[in-house]
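In what follows, a single structure is set out as structure tokens and then discussed.
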Amino acid sequence: MHSTTSDPFEQRFHAAAQRHERAWVFISVAMIAVLFIAAVYLVVHDYGVVAKTARIYADPNTPATLADFQGSGVKQTGPNSYSVYEMGRIWSWTPGTATPLTLPAGAHVTFYVTSGDVLHGFEIQGTSINLTAIPGVVGHVSYTFDKPGTYYIICNEYCGAGHQAMIGKIIITGRAKA
Ligand SMILES: [Cu+2]
């Protein structure tokens, strides 16, 4: 604002205020510009996000290696028990999304869950299973599917543009009659 006063003190005062205001407007615009450029840079250069290969930390409670997550991801560990190695990636569950996971009713299943990129939420609808899939970390949970039917794995942790389509299928087949 140009001052209309003729008082020299007031004129100096307004001139000084103007310099400060211009400086602060410049600083705030510069901050917005830097953040905007940084955001665009990250989207362009890192959208395939972070870990190209999940590194699995050694943990005695979760005896799983990266190799367990390759291949079918399902291992029979006993007459009626299975280990399932679930890898979440944007935007699929392996096994589950491309190929449904098929298990017999009554089987005791231990899920080992990790992520190959960002945080995902591993939830199996209609069950109490709900854990976070974290890159580099393996979570595990055990469950017995008593009722035959189709169960869905959903991602309950927002993970990007395809999050709502990140669905896997588990088919529990009928128990063989003894
Ligand atoms: Cu997800």
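By convention here, the chains of the structure tokens are called A, B, ... in the order presented, each chain's residues are numbered starting at 1, and ligands are numbered starting at 1 in the order presented.
Based on only C-alpha atoms and all ligand atoms, the protein and nucleic acid residues found within 6 Å of ligand 1 are, by chain and then by number, Ile90, Trp91, His120, Cys155, Glu157, Cys159, His163 and Met166 of chain A.
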Could you check which of A:Ser81, A:Thr127, A:Thr132, A:Thr114 is closest to Phe69 (chain A), using only C-alpha atoms?
A:Thr114
Quick check for you: according to DSSP on this backbone, which residues of chain A are classed as strand (DSSP E or B)? Reply as an MDAnalysis selection string.
chainID A and resid 74:78 81:89 92:94 101:104 108:115 120:124 130:133 135 139:144 149:155 167:173
Return the single residue from A:Arg19, A:Lys75, A:His14, A:Lys169 that is closest to Thr97 (chain A), with distances computed using only C-alpha atoms.
A:Lys169
Determine, using only C-alpha atoms, which residues of region 78-149 of chain A have any atom at most 10 Å from an atom of region 70-73 of chain A, and tabulate each with its shortest atom pair and distance in Å to one decimal place, rows ordered by chain and then rising number, as CSV.
residue,atom,partner,partner_atom,distance
A:Ser83,CA,A:Gly73,CA,8.0
A:Val84,CA,A:Gly73,CA,5.6
A:Tyr85,CA,A:Gly73,CA,4.7
A:Glu86,CA,A:Gly73,CA,6.6
A:Met87,CA,A:Gly73,CA,8.5
A:Thr94,CA,A:Gly73,CA,7.3
A:Pro95,CA,A:Gly73,CA,6.2
A:Gly96,CA,A:Gly73,CA,9.8
A:Thr99,CA,A:Ser72,CA,9.1
A:Leu101,CA,A:Ser72,CA,9.1
A:Phe111,CA,A:Gly73,CA,9.8
A:Tyr112,CA,A:Gly73,CA,9.4
Would you give me, as a PyMOL selection string, the residues in region 23-154 of chain A that DSSP reads as helix (DSSP H, G or I)?
chain A and resi 23-46+66-69
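Distances from A:Tyr158, A:Phe26, A:Trp93, A:Tyr143 to Ala105 (chain A) were compared using only C-alpha atoms, and the smallest one belongs to A:Tyr143.
Taking CA of Val44 (chain A) and CA of Asp117 (chain A) as endpoints, the distance between them is 16.2 Å.
What separates CA of Thr173 (chain A) from CA of Pro148 (chain A) is a distance of 5.2 Å.
Using only C-alpha atoms, the nearest neighbour of Pro135 (chain A) within the list A:Gly149, A:Pro79, A:Pro104, A:Gly88 is A:Gly88.
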